[in-house]
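Enquirer: This is entry15.csv (CSV, N, CA and C atoms).
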chain,number,residue,atom,x,y,z
A,1426,MET,N,22.1,2.3,15.4
A,1426,MET,CA,21.0,1.5,14.9
A,1426,MET,C,19.7,2.2,15.1
A,1427,SER,N,19.0,2.2,14.0
A,1427,SER,CA,17.6,2.8,14.0
A,1427,SER,C,16.6,1.7,14.2
A,1428,VAL,N,15.7,1.9,15.1
A,1428,VAL,CA,14.6,0.9,15.5
A,1428,VAL,C,13.3,1.5,15.3
A,1429,LYS,N,12.4,0.8,14.7
A,1429,LYS,CA,11.0,1.1,14.6
A,1429,LYS,C,10.2,0.0,15.4
A,1430,ILE,N,9.1,0.4,15.9
A,1430,ILE,CA,8.3,-0.6,16.6
A,1430,ILE,C,6.9,-0.7,15.9
A,1431,PHE,N,6.5,-2.0,15.7
A,1431,PHE,CA,5.2,-2.3,15.1
A,1431,PHE,C,4.6,-3.3,16.1
A,1432,VAL,N,3.6,-2.8,16.9
A,1432,VAL,CA,2.9,-3.6,17.9
A,1432,VAL,C,1.7,-4.2,17.1
A,1433,ASN,N,1.6,-5.5,17.1
A,1433,ASN,CA,0.5,-6.2,16.4
A,1433,ASN,C,-0.6,-6.6,17.4
A,1434,LEU,N,-1.8,-6.1,17.1
A,1434,LEU,CA,-2.9,-6.4,18.0
A,1434,LEU,C,-4.0,-7.0,17.3
A,1435,PRO,N,-4.6,-8.1,17.9
A,1435,PRO,CA,-5.7,-8.8,17.2
A,1435,PRO,C,-7.0,-7.9,17.5
A,1436,VAL,N,-7.8,-7.8,16.4
A,1436,VAL,CA,-9.1,-7.0,16.5
A,1436,VAL,C,-10.2,-7.9,16.0
A,1437,THR,N,-11.4,-7.6,16.5
A,1437,THR,CA,-12.6,-8.4,16.0
A,1437,THR,C,-13.3,-7.7,14.9
A,1438,ASP,N,-13.2,-6.4,14.8
A,1438,ASP,CA,-13.8,-5.6,13.7
A,1438,ASP,C,-12.8,-4.6,13.2
A,1439,LEU,N,-12.2,-4.9,12.1
A,1439,LEU,CA,-11.1,-4.1,11.6
A,1439,LEU,C,-11.6,-2.7,11.2
A,1440,THR,N,-12.8,-2.6,10.6
A,1440,THR,CA,-13.3,-1.3,10.2
A,1440,THR,C,-13.6,-0.4,11.4
A,1441,LYS,N,-14.2,-1.0,12.4
A,1441,LYS,CA,-14.5,-0.2,13.6
A,1441,LYS,C,-13.2,0.2,14.3
A,1442,SER,N,-12.2,-0.7,14.3
A,1442,SER,CA,-10.9,-0.3,14.9
A,1442,SER,C,-10.2,0.8,14.2
A,1443,ILE,N,-10.3,0.8,12.9
A,1443,ILE,CA,-9.7,1.8,12.1
A,1443,ILE,C,-10.4,3.2,12.4
A,1444,GLU,N,-11.7,3.1,12.5
A,1444,GLU,CA,-12.5,4.3,12.8
A,1444,GLU,C,-12.1,4.9,14.2
A,1445,PHE,N,-11.9,4.0,15.2
A,1445,PHE,CA,-11.6,4.3,16.5
A,1445,PHE,C,-10.3,5.1,16.5
A,1446,PHE,N,-9.2,4.6,15.9
A,1446,PHE,CA,-8.0,5.3,16.0
A,1446,PHE,C,-7.9,6.5,15.1
A,1447,ALA,N,-8.7,6.6,14.1
A,1447,ALA,CA,-8.9,7.8,13.3
A,1447,ALA,C,-9.6,8.9,14.1
A,1448,ALA,N,-10.5,8.5,14.9
A,1448,ALA,CA,-11.2,9.5,15.8
A,1448,ALA,C,-10.2,10.1,16.9
A,1449,LEU,N,-9.2,9.3,17.2
A,1449,LEU,CA,-8.1,9.8,18.1
A,1449,LEU,C,-7.1,10.7,17.3
A,1450,GLY,N,-7.2,10.8,16.0
A,1450,GLY,CA,-6.4,11.7,15.2
A,1450,GLY,C,-5.2,11.0,14.6
A,1451,PHE,N,-5.2,9.6,14.6
A,1451,PHE,CA,-4.0,8.9,14.0
A,1451,PHE,C,-4.4,8.5,12.6
A,1452,ALA,N,-3.4,8.6,11.7
A,1452,ALA,CA,-3.5,8.2,10.3
A,1452,ALA,C,-3.2,6.7,10.2
A,1453,HIS,N,-3.7,6.1,9.1
A,1453,HIS,CA,-3.4,4.7,8.7
A,1453,HIS,C,-2.6,4.7,7.5
A,1454,ASN,N,-1.6,3.9,7.4
A,1454,ASN,CA,-0.7,3.8,6.3
A,1454,ASN,C,-1.3,2.8,5.3
A,1455,PRO,N,-1.8,3.3,4.2
A,1455,PRO,CA,-2.5,2.4,3.2
A,1455,PRO,C,-1.5,1.4,2.6
A,1456,GLN,N,-0.2,1.6,2.7
A,1456,GLN,CA,0.7,0.7,2.2
A,1456,GLN,C,0.7,-0.6,2.9
A,1457,PHE,N,0.3,-0.6,4.2
A,1457,PHE,CA,0.3,-1.7,5.1
A,1457,PHE,C,-1.2,-2.0,5.6
A,1458,THR,N,-2.1,-1.7,4.7
A,1458,THR,CA,-3.5,-1.9,5.1
A,1458,THR,C,-4.2,-2.7,4.0
A,1459,ASP,N,-5.0,-3.7,4.4
A,1459,ASP,CA,-5.8,-4.5,3.5
A,1459,ASP,C,-7.0,-5.1,4.2
A,1460,GLU,N,-7.6,-6.1,3.8
A,1460,GLU,CA,-8.8,-6.7,4.5
A,1460,GLU,C,-8.4,-7.4,5.7
A,1461,ASN,N,-7.1,-7.7,5.9
A,1461,ASN,CA,-6.6,-8.4,7.1
A,1461,ASN,C,-6.0,-7.6,8.2
A,1462,ALA,N,-5.5,-6.4,7.8
A,1462,ALA,CA,-4.8,-5.6,8.8
A,1462,ALA,C,-4.8,-4.1,8.3
A,1463,SER,N,-4.5,-3.3,9.3
A,1463,SER,CA,-4.3,-1.9,9.0
A,1463,SER,C,-3.2,-1.3,9.9
A,1464,CYS,N,-2.4,-0.5,9.4
A,1464,CYS,CA,-1.3,0.1,10.1
A,1464,CYS,C,-1.6,1.5,10.6
A,1465,VAL,N,-1.7,1.6,12.0
A,1465,VAL,CA,-1.9,2.9,12.6
A,1465,VAL,C,-0.5,3.6,12.8
A,1466,VAL,N,-0.4,4.8,12.4
A,1466,VAL,CA,0.8,5.6,12.5
A,1466,VAL,C,0.8,6.5,13.7
A,1467,PHE,N,1.6,6.3,14.7
A,1467,PHE,CA,1.7,7.1,15.9
A,1467,PHE,C,2.8,8.2,15.7
A,1468,SER,N,3.9,7.8,15.1
A,1468,SER,CA,5.0,8.7,14.8
A,1468,SER,C,5.8,8.0,13.7
A,1469,ASP,N,6.9,8.6,13.3
A,1469,ASP,CA,7.7,8.0,12.3
A,1469,ASP,C,8.5,6.8,12.7
A,1470,THR,N,8.4,6.4,14.0
A,1470,THR,CA,9.0,5.2,14.4
A,1470,THR,C,8.1,4.2,15.2
A,1471,VAL,N,6.9,4.6,15.5
A,1471,VAL,CA,5.9,3.8,16.3
A,1471,VAL,C,4.6,3.6,15.5
A,1472,TYR,N,4.3,2.3,15.4
A,1472,TYR,CA,3.1,1.9,14.6
A,1472,TYR,C,2.4,0.8,15.4
A,1473,ALA,N,1.1,0.6,15.1
A,1473,ALA,CA,0.3,-0.5,15.6
A,1473,ALA,C,-0.3,-1.2,14.4
A,1474,MET,N,-0.1,-2.5,14.3
A,1474,MET,CA,-0.8,-3.2,13.2
A,1474,MET,C,-2.1,-3.8,13.9
A,1475,LEU,N,-3.2,-3.3,13.4
A,1475,LEU,CA,-4.5,-3.9,13.8
A,1475,LEU,C,-4.8,-5.1,12.9
A,1476,VAL,N,-4.8,-6.3,13.4
A,1476,VAL,CA,-4.9,-7.5,12.6
A,1476,VAL,C,-6.1,-8.3,13.0
A,1477,THR,N,-6.9,-8.7,12.0
A,1477,THR,CA,-8.1,-9.5,12.2
A,1477,THR,C,-7.7,-10.7,12.9
A,1478,GLU,N,-8.5,-11.2,13.8
A,1478,GLU,CA,-8.2,-12.4,14.6
A,1478,GLU,C,-7.8,-13.6,13.8
A,1479,PRO,N,-8.6,-13.9,12.7
A,1479,PRO,CA,-8.2,-15.1,11.9
A,1479,PRO,C,-6.8,-14.9,11.3
A,1480,TYR,N,-6.5,-13.7,10.8
A,1480,TYR,CA,-5.1,-13.5,10.3
A,1480,TYR,C,-4.1,-13.5,11.4
A,1481,PHE,N,-4.4,-13.0,12.5
A,1481,PHE,CA,-3.5,-12.9,13.6
A,1481,PHE,C,-3.1,-14.3,14.0
A,1482,LYS,N,-4.0,-15.3,14.0
A,1482,LYS,CA,-3.8,-16.7,14.3
A,1482,LYS,C,-2.7,-17.3,13.5
A,1483,THR,N,-2.5,-16.8,12.3
A,1483,THR,CA,-1.4,-17.4,11.4
A,1483,THR,C,0.0,-17.0,11.9
A,1484,PHE,N,0.1,-16.0,12.8
A,1484,PHE,CA,1.4,-15.6,13.3
A,1484,PHE,C,1.8,-16.4,14.6
A,1485,THR,N,0.9,-17.2,15.2
A,1485,THR,CA,1.2,-17.8,16.4
A,1485,THR,C,0.5,-19.1,16.6
A,1486,THR,N,1.1,-20.0,17.4
A,1486,THR,CA,0.5,-21.3,17.7
A,1486,THR,C,-0.2,-21.2,19.0
A,1487,LYS,N,-0.1,-20.1,19.7
A,1487,LYS,CA,-0.7,-19.9,21.0
A,1487,LYS,C,-2.1,-19.4,20.9
A,1488,GLU,N,-2.9,-19.5,21.9
A,1488,GLU,CA,-4.2,-18.9,22.0
A,1488,GLU,C,-4.1,-17.4,22.0
A,1489,ILE,N,-5.1,-16.7,21.4
A,1489,ILE,CA,-5.1,-15.3,21.4
A,1489,ILE,C,-5.8,-14.9,22.7
A,1490,ALA,N,-5.1,-14.0,23.5
A,1490,ALA,CA,-5.7,-13.5,24.7
A,1490,ALA,C,-6.9,-12.7,24.5
A,1491,ASP,N,-7.9,-12.9,25.3
A,1491,ASP,CA,-9.1,-12.1,25.2
A,1491,ASP,C,-8.9,-10.8,26.0
A,1492,ALA,N,-8.6,-9.8,25.3
A,1492,ALA,CA,-8.2,-8.5,26.0
A,1492,ALA,C,-9.3,-7.9,26.8
A,1493,ALA,N,-10.5,-8.4,26.6
A,1493,ALA,CA,-11.6,-7.9,27.4
A,1493,ALA,C,-11.6,-8.5,28.8
A,1494,THR,N,-10.9,-9.6,29.0
A,1494,THR,CA,-10.9,-10.2,30.3
A,1494,THR,C,-9.5,-10.4,30.9
A,1495,THR,N,-8.5,-10.3,30.0
A,1495,THR,CA,-7.1,-10.4,30.5
A,1495,THR,C,-6.3,-9.3,29.9
A,1496,THR,N,-5.2,-9.0,30.6
A,1496,THR,CA,-4.3,-7.9,30.1
A,1496,THR,C,-3.0,-8.6,29.6
A,1497,GLU,N,-2.9,-8.6,28.3
A,1497,GLU,CA,-1.7,-9.2,27.7
A,1497,GLU,C,-0.5,-8.3,27.6
A,1498,VAL,N,-0.9,-7.0,27.5
A,1498,VAL,CA,0.2,-6.0,27.3
A,1498,VAL,C,-0.5,-4.6,27.6
A,1499,ILE,N,0.3,-3.7,28.1
A,1499,ILE,CA,-0.2,-2.3,28.2
A,1499,ILE,C,0.7,-1.5,27.3
A,1500,VAL,N,0.1,-0.9,26.3
A,1500,VAL,CA,0.9,-0.1,25.3
A,1500,VAL,C,0.9,1.4,25.8
A,1501,SER,N,2.1,1.9,26.0
A,1501,SER,CA,2.3,3.3,26.5
A,1501,SER,C,2.8,4.2,25.5
A,1502,LEU,N,2.2,5.4,25.4
A,1502,LEU,CA,2.6,6.4,24.4
A,1502,LEU,C,3.0,7.6,25.2
A,1503,ALA,N,4.2,8.1,25.1
A,1503,ALA,CA,4.7,9.4,25.7
A,1503,ALA,C,4.3,10.5,24.8
A,1504,LEU,N,3.6,11.5,25.4
A,1504,LEU,CA,3.1,12.7,24.7
A,1504,LEU,C,3.9,13.9,25.2
A,1505,ASP,N,3.7,15.0,24.5
A,1505,ASP,CA,4.5,16.2,24.8
A,1505,ASP,C,4.0,17.1,26.0
A,1506,SER,N,2.7,16.9,26.4
A,1506,SER,CA,2.2,17.7,27.5
A,1506,SER,C,1.0,17.0,28.2
A,1507,ARG,N,0.7,17.5,29.4
A,1507,ARG,CA,-0.4,17.0,30.1
A,1507,ARG,C,-1.7,17.2,29.3
A,1508,GLU,N,-1.8,18.4,28.6
A,1508,GLU,CA,-3.0,18.7,27.8
A,1508,GLU,C,-3.2,17.7,26.7
A,1509,GLN,N,-2.1,17.2,26.1
A,1509,GLN,CA,-2.2,16.2,25.1
A,1509,GLN,C,-2.7,14.9,25.6
A,1510,VAL,N,-2.2,14.6,26.8
A,1510,VAL,CA,-2.7,13.4,27.5
A,1510,VAL,C,-4.2,13.4,27.7
A,1511,ASP,N,-4.7,14.5,28.3
A,1511,ASP,CA,-6.1,14.6,28.5
A,1511,ASP,C,-6.9,14.6,27.2
A,1512,GLU,N,-6.4,15.3,26.2
A,1512,GLU,CA,-7.1,15.4,24.9
A,1512,GLU,C,-7.2,14.0,24.2
A,1513,LEU,N,-6.1,13.3,24.2
A,1513,LEU,CA,-6.2,11.9,23.6
A,1513,LEU,C,-7.0,11.0,24.4
A,1514,ALA,N,-6.9,11.0,25.7
A,1514,ALA,CA,-7.8,10.1,26.5
A,1514,ALA,C,-9.2,10.4,26.4
A,1515,ASP,N,-9.5,11.7,26.4
A,1515,ASP,CA,-10.9,12.1,26.2
A,1515,ASP,C,-11.5,11.7,24.8
A,1516,LYS,N,-10.7,11.8,23.8
A,1516,LYS,CA,-11.1,11.4,22.4
A,1516,LYS,C,-11.3,9.9,22.4
A,1517,ALA,N,-10.5,9.1,23.1
A,1517,ALA,CA,-10.6,7.7,23.1
A,1517,ALA,C,-12.0,7.3,23.8
A,1518,LEU,N,-12.3,7.9,24.9
A,1518,LEU,CA,-13.5,7.6,25.6
A,1518,LEU,C,-14.7,8.1,24.8
A,1519,ALA,N,-14.6,9.2,24.1
A,1519,ALA,CA,-15.7,9.7,23.3
A,1519,ALA,C,-15.9,8.8,22.0
A,1520,ALA,N,-14.9,8.1,21.6
A,1520,ALA,CA,-15.0,7.2,20.4
A,1520,ALA,C,-15.4,5.8,20.8
A,1521,GLY,N,-15.7,5.6,22.0
A,1521,GLY,CA,-16.2,4.3,22.4
A,1521,GLY,C,-15.2,3.4,23.2
A,1522,GLY,N,-14.0,4.0,23.5
A,1522,GLY,CA,-13.1,3.3,24.3
A,1522,GLY,C,-13.5,3.2,25.8
A,1523,GLY,N,-12.9,2.3,26.5
A,1523,GLY,CA,-13.3,2.0,27.9
A,1523,GLY,C,-12.5,2.7,28.9
A,1524,PHE,N,-13.1,3.1,30.0
A,1524,PHE,CA,-12.4,3.7,31.2
A,1524,PHE,C,-11.6,2.6,31.9
A,1525,VAL,N,-10.4,2.9,32.3
A,1525,VAL,CA,-9.5,2.0,33.0
A,1525,VAL,C,-9.4,2.4,34.5
A,1526,LYS,N,-8.9,3.6,34.7
A,1526,LYS,CA,-8.8,4.1,36.1
A,1526,LYS,C,-8.6,5.6,36.1
A,1527,GLU,N,-8.6,6.2,37.2
A,1527,GLU,CA,-8.5,7.6,37.4
A,1527,GLU,C,-7.1,8.0,36.9
A,1528,PRO,N,-6.9,9.3,36.5
A,1528,PRO,CA,-5.6,9.8,36.1
A,1528,PRO,C,-4.6,9.7,37.2
A,1529,GLU,N,-3.4,9.5,36.9
A,1529,GLU,CA,-2.3,9.4,37.9
A,1529,GLU,C,-1.4,10.7,37.7
A,1530,ASP,N,-1.3,11.5,38.8
A,1530,ASP,CA,-0.5,12.7,38.8
A,1530,ASP,C,0.6,12.6,39.8
A,1531,HIS,N,1.8,12.5,39.4
A,1531,HIS,CA,3.0,12.5,40.3
A,1531,HIS,C,3.8,13.8,40.2
A,1532,GLY,N,3.2,14.8,39.7
A,1532,GLY,CA,3.9,16.1,39.5
A,1532,GLY,C,4.8,16.1,38.3
A,1533,PHE,N,5.8,15.4,38.3
A,1533,PHE,CA,6.7,15.3,37.2
A,1533,PHE,C,6.2,14.4,36.1
A,1534,MET,N,5.2,13.6,36.4
A,1534,MET,CA,4.6,12.7,35.4
A,1534,MET,C,3.1,12.6,35.6
A,1535,TYR,N,2.4,12.6,34.5
A,1535,TYR,CA,0.9,12.6,34.5
A,1535,TYR,C,0.5,11.6,33.4
A,1536,GLY,N,-0.4,10.7,33.8
A,1536,GLY,CA,-0.9,9.7,32.8
A,1536,GLY,C,-2.4,9.4,33.0
A,1537,ARG,N,-2.9,8.9,31.9
A,1537,ARG,CA,-4.3,8.3,31.8
A,1537,ARG,C,-4.3,7.1,31.0
A,1538,SER,N,-5.2,6.2,31.3
A,1538,SER,CA,-5.3,4.9,30.6
A,1538,SER,C,-6.7,4.8,30.0
A,1539,PHE,N,-6.8,4.0,28.9
A,1539,PHE,CA,-8.1,3.7,28.3
A,1539,PHE,C,-8.0,2.4,27.6
A,1540,GLU,N,-9.1,1.7,27.3
A,1540,GLU,CA,-9.1,0.5,26.5
A,1540,GLU,C,-9.6,0.9,25.1
A,1541,ASP,N,-9.1,0.2,24.1
A,1541,ASP,CA,-9.6,0.4,22.8
A,1541,ASP,C,-10.8,-0.5,22.6
A,1542,LEU,N,-11.4,-0.6,21.4
A,1542,LEU,CA,-12.6,-1.3,21.3
A,1542,LEU,C,-12.5,-2.8,21.5
A,1543,ASP,N,-11.3,-3.4,21.5
A,1543,ASP,CA,-11.1,-4.8,21.8
A,1543,ASP,C,-10.6,-5.0,23.2
A,1544,GLY,N,-10.5,-4.0,24.0
A,1544,GLY,CA,-10.0,-4.2,25.4
A,1544,GLY,C,-8.5,-4.1,25.6
A,1545,HIS,N,-7.8,-3.7,24.5
A,1545,HIS,CA,-6.3,-3.5,24.7
A,1545,HIS,C,-6.1,-2.3,25.5
A,1546,VAL,N,-5.3,-2.3,26.5
A,1546,VAL,CA,-5.0,-1.2,27.4
A,1546,VAL,C,-4.0,-0.3,26.9
A,1547,TRP,N,-4.3,1.0,26.8
A,1547,TRP,CA,-3.4,2.0,26.3
A,1547,TRP,C,-3.1,3.0,27.5
A,1548,ASN,N,-1.9,3.3,27.7
A,1548,ASN,CA,-1.5,4.3,28.7
A,1548,ASN,C,-0.9,5.5,28.0
A,1549,VAL,N,-1.4,6.7,28.2
A,1549,VAL,CA,-0.8,7.9,27.6
A,1549,VAL,C,-0.3,8.7,28.7
A,1550,PHE,N,0.9,9.2,28.6
A,1550,PHE,CA,1.5,9.9,29.7
A,1550,PHE,C,2.4,11.1,29.2
A,1551,TRP,N,2.7,12.0,30.1
A,1551,TRP,CA,3.6,13.1,29.9
A,1551,TRP,C,4.6,13.0,31.1
A,1552,MET,N,5.9,13.2,30.8
A,1552,MET,CA,6.9,13.2,31.9
A,1552,MET,C,7.9,14.3,31.7
A,1553,ASP,N,8.2,15.0,32.7
A,1553,ASP,CA,9.2,16.0,32.7
A,1553,ASP,C,10.5,15.2,33.1
A,1554,GLU,N,11.2,14.8,32.1
A,1554,GLU,CA,12.4,13.9,32.3
A,1554,GLU,C,13.5,14.6,33.2
A,1555,SER,N,13.5,15.9,33.1
A,1555,SER,CA,14.6,16.6,33.9
A,1555,SER,C,14.2,16.6,35.4
A,1556,ALA,N,13.0,16.4,35.8
A,1556,ALA,CA,12.6,16.3,37.2
A,1556,ALA,C,12.5,14.9,37.7
A,1557,ALA,N,12.7,13.9,36.8
A,1557,ALA,CA,12.5,12.5,37.2
A,1557,ALA,C,13.7,12.1,38.1
Turn the structure described in the file into structure tokens.
Expert:
Amino acid sequence: MSVKIFVNLPVTDLTKSIEFFAALGFAHNPQFTDENASCVVFSDTVYAMLVTEPYFKTFTTKEIADAATTTEVIVSLALDSREQVDELADKALAAGGGFVKEPEDHGFMYGRSFEDLDGHVWNVFWMDESAA
């Protein structure tokens, strides 16, 4: 079975959110992008749908969590090296993302976290699976 993941995230300003993830080096799939949403492509199996809050509300009867004050989810991305972790986290902070906490270094695993423009928490990490 082949599985792809599409994480749907509510955003307050779609244009700024698109620019934020573009500054991190990620492309947007125009096939799944309009005035209501944009598809960020992380890999050939991992995507994030940035969805305007009014449109996001059509998907659920629950209140939308305010990611600036609550953590509804932590999205983690595994990268190929410690250097890629630092590069991506540094790009996120330079593009207006928020600082979450100091890097975590466990030897076989290294990670950093940041918030996007809407406060969603992203964890980027590298892990030497053979040493885990």
Enquirer: List every residue of stretch 1455-1498 of chain A that DSSP, applied to the backbone, labels as alpha helix (DSSP H), and write the result as a VMD selection string.
Expert: chain A and resid 1478 to 1481
Enquirer: Separation of atom CA of A:Gln1456 and atom CA of A:Lys1516, in Å?
Expert: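 If I compute the distance from atom CA of A:Gln1456 to atom CA of A:Lys1516, I get 25.7 Å.
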Enquirer: Write out, as JSON lines, each residue of stretch 1426-1507 of chain A that has an atom at most 7 Å from stretch 1542-1551 of chain A, together with the closest pair of atoms and their distance in Å to one decimal, counting only N, CA and C atoms, rows going by chain and rising number.
Expert:
{"residue": "A:Pro1435", "atom": "C", "partner": "A:Asp1543", "partner_atom": "CA", "distance": 6.7}
{"residue": "A:Val1436", "atom": "CA", "partner": "A:Asp1543", "partner_atom": "CA", "distance": 6.1}
{"residue": "A:Thr1437", "atom": "N", "partner": "A:Asp1543", "partner_atom": "CA", "distance": 6.0}
{"residue": "A:Ser1442", "atom": "CA", "partner": "A:Leu1542", "partner_atom": "N", "distance": 6.5}
{"residue": "A:Phe1445", "atom": "CA", "partner": "A:Leu1542", "partner_atom": "N", "distance": 6.9}
{"residue": "A:Asp1491", "atom": "C", "partner": "A:Asp1543", "partner_atom": "C", "distance": 6.7}
{"residue": "A:Ala1492", "atom": "C", "partner": "A:Gly1544", "partner_atom": "CA", "distance": 4.0}
{"residue": "A:Ala1493", "atom": "N", "partner": "A:Gly1544", "partner_atom": "CA", "distance": 4.4}
{"residue": "A:Thr1494", "atom": "N", "partner": "A:Gly1544", "partner_atom": "CA", "distance": 6.6}
{"residue": "A:Thr1496", "atom": "CA", "partner": "A:Val1546", "partner_atom": "N", "distance": 6.7}
{"residue": "A:Glu1497", "atom": "N", "partner": "A:Val1546", "partner_atom": "N", "distance": 7.0}
{"residue": "A:Val1498", "atom": "C", "partner": "A:Val1546", "partner_atom": "N", "distance": 5.4}
{"residue": "A:Ile1499", "atom": "CA", "partner": "A:Val1546", "partner_atom": "C", "distance": 4.5}
{"residue": "A:Val1500", "atom": "C", "partner": "A:Asn1548", "partner_atom": "N", "distance": 3.9}
{"residue": "A:Ser1501", "atom": "CA", "partner": "A:Asn1548", "partner_atom": "C", "distance": 4.2}
{"residue": "A:Leu1502", "atom": "N", "partner": "A:Asn1548", "partner_atom": "C", "distance": 4.0}
{"residue": "A:Ala1503", "atom": "CA", "partner": "A:Phe1550", "partner_atom": "C", "distance": 4.5}
{"residue": "A:Leu1504", "atom": "N", "partner": "A:Phe1550", "partner_atom": "C", "distance": 4.0}
{"residue": "A:Asp1505", "atom": "C", "partner": "A:Trp1551", "partner_atom": "CA", "distance": 5.6}
{"residue": "A:Ser1506", "atom": "C", "partner": "A:Trp1551", "partner_atom": "CA", "distance": 5.0}
{"residue": "A:Arg1507", "atom": "N", "partner": "A:Trp1551", "partner_atom": "CA", "distance": 5.3}
Enquirer: Give me, please, the distance in Å between atom CA of A:Val1525 and atom CA of A:Glu1540, quoted to one decimal.
Expert: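 One can read the atom CA of A:Val1525 to atom CA of A:Glu1540 distance as 6.7 Å.
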Enquirer: What is the atom CA of A:Val1476 to atom CA of A:Asn1433 distance in Å?
Expert: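 Result for atom CA of A:Val1476 versus atom CA of A:Asn1433: 6.7 Å, one decimal.
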Enquirer: Got a sec: who's within 8 Å of A:Leu1449, counting all atoms listed in the file, leaving out chain neighbours fewer than 2 positions off, as a CSV table (one decimal) with N, CA and C atoms, in the coordinates of the input?
Expert:
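And here's result_8.csv as it stands now:
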chain,number,residue,atom,x,y,z
A,1443,ILE,N,-10.3,0.8,12.9
A,1443,ILE,CA,-9.7,1.8,12.1
A,1443,ILE,C,-10.4,3.2,12.4
A,1444,GLU,N,-11.7,3.1,12.5
A,1444,GLU,CA,-12.5,4.3,12.8
A,1444,GLU,C,-12.1,4.9,14.2
A,1445,PHE,N,-11.9,4.0,15.2
A,1445,PHE,CA,-11.6,4.3,16.5
A,1445,PHE,C,-10.3,5.1,16.5
A,1446,PHE,N,-9.2,4.6,15.9
A,1446,PHE,CA,-8.0,5.3,16.0
A,1446,PHE,C,-7.9,6.5,15.1
A,1447,ALA,N,-8.7,6.6,14.1
A,1447,ALA,CA,-8.9,7.8,13.3
A,1447,ALA,C,-9.6,8.9,14.1
A,1451,PHE,N,-5.2,9.6,14.6
A,1451,PHE,CA,-4.0,8.9,14.0
A,1451,PHE,C,-4.4,8.5,12.6
A,1452,ALA,N,-3.4,8.6,11.7
A,1452,ALA,CA,-3.5,8.2,10.3
A,1452,ALA,C,-3.2,6.7,10.2
A,1512,GLU,N,-6.4,15.3,26.2
A,1512,GLU,CA,-7.1,15.4,24.9
A,1512,GLU,C,-7.2,14.0,24.2
A,1513,LEU,N,-6.1,13.3,24.2
A,1513,LEU,CA,-6.2,11.9,23.6
A,1513,LEU,C,-7.0,11.0,24.4
A,1514,ALA,N,-6.9,11.0,25.7
A,1514,ALA,CA,-7.8,10.1,26.5
A,1514,ALA,C,-9.2,10.4,26.4
A,1515,ASP,N,-9.5,11.7,26.4
A,1515,ASP,CA,-10.9,12.1,26.2
A,1515,ASP,C,-11.5,11.7,24.8
A,1516,LYS,N,-10.7,11.8,23.8
A,1516,LYS,CA,-11.1,11.4,22.4
A,1516,LYS,C,-11.3,9.9,22.4
A,1517,ALA,N,-10.5,9.1,23.1
A,1517,ALA,CA,-10.6,7.7,23.1
A,1517,ALA,C,-12.0,7.3,23.8
A,1520,ALA,N,-14.9,8.1,21.6
A,1520,ALA,CA,-15.0,7.2,20.4
A,1520,ALA,C,-15.4,5.8,20.8
Enquirer: Provide an axis-aligned box for all listed atoms of stretch 1467-1479 of chain A, padding each side by 3 Å; report its centre and its edge lengths in Å to one decimal, as lines of an AutoDock Vina configuration file.
Expert:
center_x = 0.2
center_y = -3.2
center_z = 13.8
size_x = 23.6
size_y = 29.8
size_z = 11.0
Enquirer: Write down as a PyMOL selection string the residues belonging to chain A that are assigned strand (DSSP E) by DSSP computed on the backbone.
Expert: chain A and resi 1430-1436+1452-1454+1462-1466+1471-1477+1499-1503+1523-1530+1534-1540+1546-1552
Enquirer: Which of these, A:Lys1429, A:Lys1441, A:Arg1537, A:His1453, has the shortest distance to A:Glu1508 once you count only C-alpha atoms?
Expert: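 That would be A:Arg1537, the residue with the smallest distance to A:Glu1508.
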Enquirer: List the spatial neighbours of stretch 1472-1474 of chain A as number ranges by chain - criterion: any atom at most 8 Å away, only N, CA and C atoms, same-chain residues fewer than 6 positions off excluded.
Expert: A: 1429-1436, 1457, 1461-1466
